[in-house]
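Asks: After the structure tokens below, expect a handful of questions from me.
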Protein chains: 2
Amino acid sequence: MMTNAQGRDAGERVGFVGLGVMGAPMAQNLVTAGFDVTVWNRTAARMAAVVDHGARAAGSLGELARRCDVVVLCVSDSPDVESVLFADDGLAAGLARGSLVVDCSTISPERTREFADRLDSRGVGWVDAPVSGGSEGASRATLSIMVGGSDRDVARAEPMLRAMGSTVTHLGPVGSGQWAKVLNQVILAGVYLAVAEGVTLGMKAGIDVAGSLEALRAGAAGSWVLSNRSQRMIDNEYPLGFKLRLHRKDLAIALELARAVGAALPVSSLAATLEDGLIGEGYGDEDNAALARAVRRLAGL
Amino acid sequence: MMTNAQGRDAGERVGFVGLGVMGAPMAQNLVTAGFDVTVWNRTAARMAAVVDHGARAAGSLGELARRCDVVVLCVSDSPDVESVLFADDGLAAGLARGSLVVDCSTISPERTREFADRLDSRGVGWVDAPVSGGSEGASRATLSIMVGGSDRDVARAEPMLRAMGSTVTHLGPVGSGQWAKVLNQVILAGVYLAVAEGVTLGMKAGIDVAGSLEALRAGAAGSWVLSNRSQRMIDNEYPLGFKLRLHRKDLAIALELARAVGAALPVSSLAATLEDGLIGEGYGDEDNAALARAVRRLAGL
């Protein structure tokens, strides 16, 4: 097997918890990079593909914790992280002093600091490392990873992060990575609505929307969403990508923080409301660009 | 004088009306490219710099019209275009059959078709060619130009357009260029608000906003505004650029069209309202990114 020198040199035994659309390819990329990887997933059947790729399956979170030096988490939300860490036979009870948790989930920066403090009292380190780049980025190891933690812990996590992503940015202490992800999701909400309004107006007017938007890509109105998602909005078809319901979850974190610090975010709030309606109608598992459905509907499209 | 073969081959005598922040460097670039350029401006003093560069000054619009085969307009709004064309001693009365008007102003697509029809009845052609790229793009001849008109008229205008811009896209018949610009301004409104919300939330939370946004540039939340205008929002200083009051004028066109075709644009409407407040407070001559002032204020920043 081809191995990555970093994995061998570090000699870290790596655990991976959460083999969803993002986590499964991320864990596989750790195996490919030469790390000794043990996985656990709530739905056990999802472990098979990664085990075929060369990982070991743990029978429980406690077993995984006792077997690993560094544990990467990639689950859905703050309560999932809390449960994986602190439930009976969770990770915390099994992790040795000097071990490290690397949380690639997108959760609240405030809960992040709380979890990190609880682990710190047990001698276990913490790095928050939420990712962006979607399922494509996870498969191709081209994720952008926003990192918070102490210099020492981040340096330790870095070989693993570089096996999963192409851009790894250390932004500050614990919670800093999650904060950057919060800003990412706030900005993304507005850009989706912006492009959706342009698409909708153009379609109602009967002009050549795709051609017009193509002419705008290189200019001041240009964005990743315009370049990569406007055609889906024109077609009104939204293959994944990144699920709308997960963006709504992230907006909930952002809007709670906004209330806490005293910031009104009118566009993000509108996006959250429109996403609630779409999720209620059954569109939550579509790509985030399906937010355009709401703007199109306002125009009767 | 260095000349551009296109200017000489075509042998076109080019008029230029409207020597503002955009028009003056655009007219200079036509001179630089070798065209025989005659200029006119309502405020006559503004003609001096372009005349020093090699253009001739006309004493009136009628004189300019009689002296030129192609006339480029770069004025502020639909009434300005109407006045320049159809007022007493305006262009229309002086233009010979077979001449061409190239309108680089940003005006309504509907008024555009009306003006083009009136000129067509006099045997004068029309190309709408609104630009984006700001004063920097005008100076460096790197504007993106969105073009509407017949194939024949656009082909005739193209050497002049290529002397002023680096991207020239022919989108369809008369009005198509203005329609693309409408979509540009709608999308831009939402992207400005999106980035402003991210900046504002981060600043209220006391995190490293510039560092966090730097980490997001290459990802799904990336945009021209994020890369080029977020630092101004953090600094709360808004040098030009592109004037806020002109974006508001363009949003008025967009929102009137939206009503006409039956499209609700909630984010663009919010941007228009916030821009009205800022213009009333005296910020209309700042760069468009000053829209962030309104979001910052909602958070008490």
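Residue numbering restarts at 1 in every chain; chains get A, B, ... in the order shown in the structure tokens, and ligands count up from 1 in that same order.
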Quick check: residues of chain A within 8 Å of chain B, only C-alpha atoms, returned as a PyMOL selection string.

Replies: chain A and resi 132-133+144+146+169+171+176+179-180+183-191+193-195+197-202+204-205+207-208+211-213+215-216+219-225+258+261-265+267-268+295+298-300

Asks: List as a PyMOL selection string the protein and nucleic acid residues near B:Ala65, meaning an atom at most 12 Å away when only C-alpha atoms are counted, but skip any in the same chain fewer than 3 places from it.

Replies: chain B and resi 13-17+37-40+58-62+68-73+84-86+89-97+99-101+124

Asks: Can you list, as a PyMOL selection string, all residues belonging to stretch 82-290 of chain B that DSSP tags as alpha helix (DSSP H)?

Replies: chain B and resi 82-86+91-94+109-120+134-140+151-164+176-205+209-216+224-235+244-261+266-280

Asks: Can you list every residue in stretch 2-210 of chain A that DSSP puts in strand (DSSP E or B), as a PyMOL selection string?

Replies: chain A and resi 13-17+36-40+56-57+70-73+100-103+125-128+131-132+143-148+165-172

Asks: Would you work out the distance separating atom CA of A:Met233 from atom CA of A:Glu286, expressed in Å to one decimal?

Replies: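 These two atoms are separated by 12.0 Å.
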
Asks: How many Å lie between atom CA of A:Val81 and atom CA of A:Asn41, rounded to one decimal?

Replies: 12.6 Å

Asks: Quote the spacing between atom CA of B:Asp103 and atom CA of B:Ala57 in Å to one decimal place.

Replies: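 A separation of 19.3 Å between them.
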
Asks: Have a look at A:Leu246, A:Met160, A:Val154, A:Leu278 and name the one nearest to A:Val21; count only C-alpha atoms.

Replies: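 The shortest atom-to-atom distance to A:Val21 comes from A:Leu246.
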
Asks: Check the smallest atom-to-atom distance from each of B:Glu136, B:Glu63, B:Asp250, B:Asp151 to B:Met164 using only C-alpha atoms, then report the winner.

Replies: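 Among B:Glu136, B:Glu63, B:Asp250, B:Asp151, it is B:Glu136 that comes nearest to B:Met164.
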
Asks: Need to verify the contact set: A:Ala116, 12 Å, only C-alpha atoms, exclusion of same-chain residues closer than 3 positions in sequence. Can you return it as a ChimeraX atom specification?

Replies: /A:81-82,85-86,92,100-103,109-113,119-128,148-150,153,173-175
